[in-house]
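Quick notes on the structure that follows.
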Amino acid sequence: MRIVLLGPPGAGKGTQARRLAESTGMTHLSTGDMLRSEVASGTELGLLAKKFMDSGELVPDSDIIAMIQQHIADPEGVLLDGFPRTLVQAKSLDKALDHANLPIDQVIHMSVNTDELIRRLSSRVVCKECQTPYNLEVDPPVKSGVCDQCAGDVIVRDDDRPDAVKNRMKVYEELTAPVLDYYQLHRNVAEVIATGTPDAVFAKLSTAIRSGAPFN
Ligand code: AMP
């Protein structure tokens with residue numbers, strides 16, 4: 001099974017994709033997490049990506065496609081979080097899956113209004129080691145500054161600082177919103193209003209997946 005989770009920065013894709021991967025056994029593929037791990041390891045891709053990420057810009061399509069290509073046919077099934085983020089990426093995903101004779105089973109759009117997104121992003125922190133996200137208002141780590149999962153340091157992401165957030169919203173509207181239009185034009189997209197507690201959103205997403213709103 002392959003599911004694409006779409007939504008603006010701050011919609012809760014990462015939080016929910018982790019939980020859904022745990023509950024379904026699918027592999028969580030987050031291009032943001034993959035890039036942050038490249039940055040942390042100081043690889044060539046990480047050095048290149050950091051410049052774009054810190055300012056809220058997108059990393060070039062060719063680098064993203066090369067990074068994710070080998071993972072999309074994972075036999076456990078994949079939950080795509082943060083990819084595709086441009087039309088070029090969406091078309092390249094279609095092509096790669098066609099080639100492997102694999103369908104996208106579902107596209108789910110998580111929508112949240114802009115005020116709520118900005119509020120969420122400005123209270124978001126993340127574990128530097130395992131990338132578990134927290135929200136200081138509604139879902140803080142049990143011990144301040146320490147990850148519940150791995151005891152790593154919990155920090156503010158550079159791209160959650162106000163200037164970068166503003167730019168990420170702009171980039172989303174310009175480059176990523178057309179991906180939603182692209183899927184809506186060609187297939188059914190399951191719409192989930194991703195407001196409320198993380199548990200409530202998780203319940204809505206689980207229902208959408210169980211009911212299998214088709215990708216046809
Ligand atoms: P995320 O954790 O998904 O919010 O991603 C954090 C940052 O990583 C984004 O603001 C981009 O700079 C970069 N990034 C993640 N996924 C992609 C992608 N599919 N295409 C281009 N850049 C990406």
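By convention in this document, the chains of the structure tokens carry letters A, B, ... by their order, each chain's residues are numbered from 1, and ligands are numbered from 1 in the order they are shown.
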Check your understanding: Hey, which residues come within 10 Å of ligand 1 if we count only C-alpha atoms and all ligand atoms? Could you give them as an NGL selection string?
Key -> :A and (7-14 or 30-36 or 49-65 or 67-68 or 80-86 or 88-90 or 131 or 133 or 157-160 or 164-165 or 167-169 or 171-172 or 175-176)
Practice item. Could you please write out, as a list of chain:residue names, every residue of stretch 14-182 of chain A that DSSP assigns to strand (DSSP E)? Key: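 Selecting the strand (DSSP E) positions of stretch 14-182 of chain A gives A:Thr27, A:His28, A:Leu29, A:Ser30, A:Val78, A:Leu79, A:Leu80, A:Asp81, A:Gln106, A:Val107, A:Ile108, A:His109, A:Met110, A:Ser111, A:Arg124, A:Val125, A:Val126, A:Cys127, A:Pro133, A:Tyr134, A:Asn135, A:Val154, A:Ile155.
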Review point. What does the distance between atom CA of A:Glu137 and atom CA of A:Ile3 come to in Å, to one decimal place?
Key: 29.1 Å
Revision key, fill the gap. Using only C-alpha atoms, the residue out of A:Val192, A:Asp199, A:Pro178, A:Cys150 with shortest distance to A:Leu87 is A:Pro178
**Study point:** Residue list (alpha helix (DSSP H), DSSP) for stretch 47-163 of chain A, as a PyMOL selection string
**Key:** chain A and resi 47-55+61-68+87-99+114-122+162-163
Exercise for review: Can you pull out every residue within 12 Å of A:Val201, counting only C-alpha atoms, but drop anything in the same chain fewer than 6 positions away, and send it as a PyMOL selection string?
Suggested key: chain A and resi 11-13+15-17+19-20+110-112+191-195+207-208
Point to revise | Contacts of A:Leu47 within 10 Å, only C-alpha atoms, excl. fewer than 6 positions in-chain, as a PyMOL selection string | key: chain A and resi 35+38-41
Selected residues, N, CA, C and O atoms, written as an mmCIF file, in the first residue's frame, please.
```cif
data_model
loop_
_atom_site.group_PDB
_atom_site.id
_atom_site.type_symbol
_atom_site.label_atom_id
_atom_site.label_comp_id
_atom_site.auth_asym_id
_atom_site.auth_seq_id
_atom_site.Cartn_x
_atom_site.Cartn_y
_atom_site.Cartn_z
ATOM 1 N N LEU A 35 16.476 14.356 5.022
ATOM 2 C CA LEU A 35 17.415 15.467 4.794
ATOM 3 C C LEU A 35 18.068 15.905 6.107
ATOM 4 O O LEU A 35 19.274 16.159 6.156
ATOM 5 N N GLU A 38 20.812 13.675 6.837
ATOM 6 C CA GLU A 38 21.981 13.964 5.983
ATOM 7 C C GLU A 38 22.742 15.185 6.528
ATOM 8 O O GLU A 38 23.965 15.215 6.551
ATOM 9 N N VAL A 39 21.971 16.186 6.973
ATOM 10 C CA VAL A 39 22.601 17.397 7.526
ATOM 11 C C VAL A 39 23.398 17.017 8.775
ATOM 12 O O VAL A 39 24.564 17.392 8.938
ATOM 13 N N ALA A 40 22.773 16.221 9.660
ATOM 14 C CA ALA A 40 23.430 15.847 10.920
ATOM 15 C C ALA A 40 24.698 15.035 10.659
ATOM 16 O O ALA A 40 25.676 15.143 11.397
ATOM 17 N N SER A 41 24.701 14.225 9.586
ATOM 18 C CA SER A 41 25.887 13.412 9.289
ATOM 19 C C SER A 41 26.910 14.195 8.470
ATOM 20 O O SER A 41 27.979 13.665 8.161
#
```
Point to revise | Selected residue, from A:Glu174, A:Leu79, A:Ile108, A:Val146, that lies nearest to A:Arg187 when counting only C-alpha atoms | key: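 Selected residue with least distance to A:Arg187: A:Ile108.
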